[in-house]
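Undergrad: What follows is a structure written as structure tokens; I'll ask about it next.
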Amino acid sequence: MIRIKAGVPRRTRPRTRARRPLRRALALGLPTVWGAIAITYKLTCPLAQQNGLGARIVTSAVFFAVGTGLIVQVRRSLLRELRHIRQIAGAAQHALLRPLPPRLDGLNIAAAQLSAERGAVVGGDLYEVIATEHGVRVVMGDVRGHGISAIGTVAAVLGSFREAAHDEPDLEGVLRRLERALARHLRERARAEHPASGGLDPDSPVAEEFVTVLLLEIGRDGEVRGLNCGHPWPYLLSGKSVEPLARADPLPPLGPFPLPPELPFVCCGQLLPGEALFLYTDGAEDARDERGRFFPLADVLAEVVGQHPLAVPQSVLGSVFTALLRHTGGTPTDDVAILVLSNDRKPAHPYPRARGTARPATTHPHSTTHRQPNGV
């Protein structure tokens with residue numbers, strides 16, 4: 001979780017404020033001093049006026065020392081400024097994709113995100129877990145593109161979900177709120193980038209933006225309901241197996257296609273105590289090694305489940321990320337986000353009911369011919 005300092009003690013604030021002018025004076029004064037030394041030596045030192053070999057060597061050494069001092073001072077100033085900028089950027093990005101609590105309403109949580117863009121903490125992947133009166137609601141999404149350019153869309157979708165998750169009584173209402181928020185964001189972005197168009201031009205690159213979204217709702221009894229717009233279904237992890245949570249065809253991603261009038265949620269069965277859900281973005285499955293082979297996510301999960309307790313999702317998360325980075329040589333080409341939810345609730349009965357081998361996919365399955373683009 002983010003730890004925010006309440007403030008600097010009063011007695012230390014005057015010292016901090018007093019140091020700032022001193023640092024500024026040093027940043028401006030030291031280069032001036034170095035330059036003054038070089039000019040003074042050249043104009044006043046008799047040795048600098050001589051043309052002998054020894055005099056020239058001494059003069060060259062003096063100017064070399066002055067130049068080196070200037071370079072070192074400029075480098076230190078730039079590094080100090082870069083550290084300051086990174087601290088600000090990191091705080092802003094962490095506020096957008098805030099760290100999740102380790103436990104929420106009987107669920108143990110572990111999540112991590114890896115941006116493909118160097119220096120970025122947050123990329124085009126998004127996730128959030130919120131406890132509401134309707135149950136624990138989860139969103140996992142993937143914005144087209146990756147890196148810093150996708151942060152605006154991530155902010156629009158996450159901001160809408162954090163409000164709608166509490167306000168809407170069902171997942172259908174939450175998904176429609178996300179669709180409206182994304183459409184509004186794309187219109188404003190198109191208007192800012194192309195003021196003459198006055199709106200979202202179908203031929204504009206902004207009109208091609210889309211977001212895959214997975215919404216889950218976990219009730220107190222462990223019942224899981226879901227709505228999926230072009231996102232990979234999560235894996236259900238138990239002590240003996242790794243299987244997809246559902247196999248229903250997803251809806252198209254949000255953005256290019258409007259949602260259908262009817263949005264029946266998918267019944268995904270129960271998340272029993274001791275089981276876990278493994279949510280991920282397609283950057284995990286699409287990660288390739290130097291030979292072009294895809295990351296075997298299901299096989300890695302099967303190994304991890306046999307080695308780590310599901311009640312500790314941090315160990316599952318860490319093992320999968322370690323295997324992923326080893327597979328890609330430490331340089332994934334797409335953003336990767338992973339979210340693990342483990343049910344640590346006590347069973348309502350001493351003998352929980354057995355899980356059936358069949359899972360109801362949906363009361364009204366939606367088939368789609370949409371093929372998910374590779375750029376997500």
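Going by the structure tokens order, chains are called A, B, ..., each with residues numbered from 1, while ligands are numbered from 1 in the order shown.
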Would you mind listing what lies within 10 Å of Glu290 in chain A as a list of chain:residue names, with only C-alpha atoms counted and same-chain residues fewer than 5 positions away left out?
TA: A:His327, A:Thr328, A:Gly329
Undergrad: If you keep all heavy atoms, can you produce a file of those selected residues as a short mmCIF file (atom, residue, chain, number, x, y, z; two decimals), in the first residue's frame?
TA:
```cif
data_model
loop_
_atom_site.label_atom_id
_atom_site.label_comp_id
_atom_site.auth_asym_id
_atom_site.auth_seq_id
_atom_site.Cartn_x
_atom_site.Cartn_y
_atom_site.Cartn_z
N HIS A 327 11.91 -16.35 -19.34
CA HIS A 327 11.54 -16.78 -20.70
C HIS A 327 11.86 -15.69 -21.72
O HIS A 327 12.33 -15.99 -22.82
CB HIS A 327 10.04 -17.11 -20.73
CG HIS A 327 9.54 -17.56 -22.07
ND1 HIS A 327 9.70 -18.84 -22.53
CD2 HIS A 327 8.89 -16.88 -23.05
CE1 HIS A 327 9.16 -18.95 -23.73
NE2 HIS A 327 8.66 -17.78 -24.07
N THR A 328 11.62 -14.43 -21.36
CA THR A 328 11.83 -13.32 -22.30
C THR A 328 13.22 -12.71 -22.20
O THR A 328 13.52 -11.74 -22.91
CB THR A 328 10.79 -12.22 -22.05
OG1 THR A 328 10.92 -11.74 -20.70
CG2 THR A 328 9.38 -12.76 -22.26
N GLY A 329 14.06 -13.23 -21.33
CA GLY A 329 15.37 -12.63 -21.15
C GLY A 329 15.34 -11.30 -20.43
O GLY A 329 16.25 -10.49 -20.56
#
```
Undergrad: For the structure I just gave you, how does DSSP split range 66-296 of chain A - specifically, which residues are strand (DSSP E or B)? Reply as a ChimeraX atom specification.
TA: /A:103-104,107-114,125-132,135-143,211-218,223-229,235-237,242-244,251,254,257,266-270,276-280,288,294
Undergrad: Selection from above, C-alpha atoms, as a PDB file, in the first residue's frame, can you write it?
TA:
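And here is the file that came out, part03.pdb:
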```
ATOM      1  CA  ARG A 103      -6.569  -8.738   2.010  1.00  0.00           C
ATOM      2  CA  LEU A 104     -10.094  -7.622   1.170  1.00  0.00           C
ATOM      3  CA  LEU A 107      -9.826 -12.612  -0.215  1.00  0.00           C
ATOM      4  CA  ASN A 108      -6.027 -12.558  -0.250  1.00  0.00           C
ATOM      5  CA  ILE A 109      -4.758 -10.356  -3.071  1.00  0.00           C
ATOM      6  CA  ALA A 110      -1.504 -10.011  -4.961  1.00  0.00           C
ATOM      7  CA  ALA A 111      -1.040  -7.895  -8.077  1.00  0.00           C
ATOM      8  CA  ALA A 112       1.809  -6.545 -10.157  1.00  0.00           C
ATOM      9  CA  GLN A 113       2.262  -4.730 -13.439  1.00  0.00           C
ATOM     10  CA  LEU A 114       5.285  -4.590 -15.721  1.00  0.00           C
ATOM     11  CA  ASP A 125      -2.801  -2.532 -18.442  1.00  0.00           C
ATOM     12  CA  LEU A 126      -5.239  -1.809 -15.633  1.00  0.00           C
ATOM     13  CA  TYR A 127      -6.760  -3.610 -12.670  1.00  0.00           C
ATOM     14  CA  GLU A 128      -8.722  -2.802  -9.534  1.00  0.00           C
ATOM     15  CA  VAL A 129     -10.458  -4.734  -6.741  1.00  0.00           C
ATOM     16  CA  ILE A 130     -13.204  -3.075  -4.694  1.00  0.00           C
ATOM     17  CA  ALA A 131     -15.393  -4.440  -1.888  1.00  0.00           C
ATOM     18  CA  THR A 132     -18.982  -3.238  -2.345  1.00  0.00           C
ATOM     19  CA  GLY A 135     -19.815  -8.270  -3.505  1.00  0.00           C
ATOM     20  CA  VAL A 136     -16.150  -7.929  -4.385  1.00  0.00           C
ATOM     21  CA  ARG A 137     -15.922  -6.448  -7.869  1.00  0.00           C
ATOM     22  CA  VAL A 138     -12.842  -6.812 -10.030  1.00  0.00           C
ATOM     23  CA  VAL A 139     -11.781  -5.219 -13.293  1.00  0.00           C
ATOM     24  CA  MET A 140      -8.869  -6.279 -15.473  1.00  0.00           C
ATOM     25  CA  GLY A 141      -8.247  -4.494 -18.762  1.00  0.00           C
ATOM     26  CA  ASP A 142      -5.780  -3.878 -21.538  1.00  0.00           C
ATOM     27  CA  VAL A 143      -5.608  -0.676 -23.569  1.00  0.00           C
ATOM     28  CA  VAL A 211      -9.902  -1.547 -24.453  1.00  0.00           C
ATOM     29  CA  THR A 212     -10.420  -5.176 -23.497  1.00  0.00           C
ATOM     30  CA  VAL A 213     -12.267  -5.432 -20.186  1.00  0.00           C
ATOM     31  CA  LEU A 214     -13.028  -8.295 -17.821  1.00  0.00           C
ATOM     32  CA  LEU A 215     -15.487  -7.670 -14.992  1.00  0.00           C
ATOM     33  CA  LEU A 216     -15.946 -10.154 -12.158  1.00  0.00           C
ATOM     34  CA  GLU A 217     -18.222 -10.137  -9.133  1.00  0.00           C
ATOM     35  CA  ILE A 218     -17.480 -12.497  -6.249  1.00  0.00           C
ATOM     36  CA  GLU A 223     -20.363 -17.339  -6.508  1.00  0.00           C
ATOM     37  CA  VAL A 224     -18.529 -15.727  -9.444  1.00  0.00           C
ATOM     38  CA  ARG A 225     -20.264 -13.785 -12.200  1.00  0.00           C
ATOM     39  CA  GLY A 226     -18.488 -12.202 -15.130  1.00  0.00           C
ATOM     40  CA  LEU A 227     -18.736  -9.999 -18.195  1.00  0.00           C
ATOM     41  CA  ASN A 228     -15.964 -10.202 -20.752  1.00  0.00           C
ATOM     42  CA  CYS A 229     -15.186  -7.805 -23.599  1.00  0.00           C
ATOM     43  CA  TYR A 235      -7.574 -19.405 -14.655  1.00  0.00           C
ATOM     44  CA  LEU A 236      -9.137 -21.147 -11.673  1.00  0.00           C
ATOM     45  CA  LEU A 237      -6.409 -22.573  -9.462  1.00  0.00           C
ATOM     46  CA  VAL A 242      -5.565 -25.389 -13.416  1.00  0.00           C
ATOM     47  CA  GLU A 243      -8.511 -24.689 -15.706  1.00  0.00           C
ATOM     48  CA  PRO A 244     -10.135 -21.669 -17.369  1.00  0.00           C
ATOM     49  CA  LEU A 251     -17.944  -9.755 -26.444  1.00  0.00           C
ATOM     50  CA  LEU A 254     -14.968  -1.586 -25.804  1.00  0.00           C
ATOM     51  CA  PHE A 257     -18.293  -1.654 -31.410  1.00  0.00           C
ATOM     52  CA  VAL A 266     -21.707 -15.350 -17.346  1.00  0.00           C
ATOM     53  CA  CYS A 267     -22.162 -17.702 -14.387  1.00  0.00           C
ATOM     54  CA  CYS A 268     -18.663 -18.970 -13.582  1.00  0.00           C
ATOM     55  CA  GLY A 269     -19.443 -21.272 -10.667  1.00  0.00           C
ATOM     56  CA  GLN A 270     -18.036 -20.884  -7.156  1.00  0.00           C
ATOM     57  CA  ALA A 276      -7.630 -18.857  -6.337  1.00  0.00           C
ATOM     58  CA  LEU A 277      -8.277 -16.891  -9.508  1.00  0.00           C
ATOM     59  CA  PHE A 278      -5.375 -15.943 -11.757  1.00  0.00           C
ATOM     60  CA  LEU A 279      -6.201 -12.895 -13.894  1.00  0.00           C
ATOM     61  CA  TYR A 280      -3.767 -11.640 -16.514  1.00  0.00           C
ATOM     62  CA  ARG A 288       8.132 -14.840 -26.585  1.00  0.00           C
ATOM     63  CA  PHE A 294       5.214 -18.261 -26.581  1.00  0.00           C
TER      64      PHE A 294
END
```
Undergrad: Pick from A:Glu262, A:Glu163, A:Asp299, A:Asp334: nearest to Ala284 in chain A, with only C-alpha atoms counted?
TA: A:Asp334
Undergrad: Assign secondary structure with DSSP using the backbone only, and return the residues of range 86-332 of chain A in helix (DSSP H, G or I) as an MDAnalysis selection string.
TA: chainID A and resid 86:96 147:167 171:193 195:197 205:208 282:285 297:307 313:328
Undergrad: My list of candidates is A:Ala323, A:Ala181, A:Ile71, A:Leu310. Which is closest to Gly255 in chain A when distances are computed with only C-alpha atoms?
TA: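 That would be A:Ala181, the residue with the smallest distance to Gly255 in chain A.
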Undergrad: For a quick check of understanding, using only C-alpha atoms, which of A:Pro234, A:Pro101, A:Gly69, A:Pro264 has the smallest distance to Gly173 in chain A?
TA: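 For Gly173 in chain A, the nearest of the candidates is A:Pro264.
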Undergrad: Using only C-alpha atoms, which of the listed residues (A:Ile338, A:Ala246, A:Ala165, A:Ile57) sits closest to Val316 in chain A?
TA: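 For Val316 in chain A, the nearest of the candidates is A:Ile338.
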Undergrad: Could you tell me how far CA of Ala190 in chain A lies from CA of Phe210 in chain A, in Å and to one decimal?
TA: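 A separation of 13.8 Å between them.
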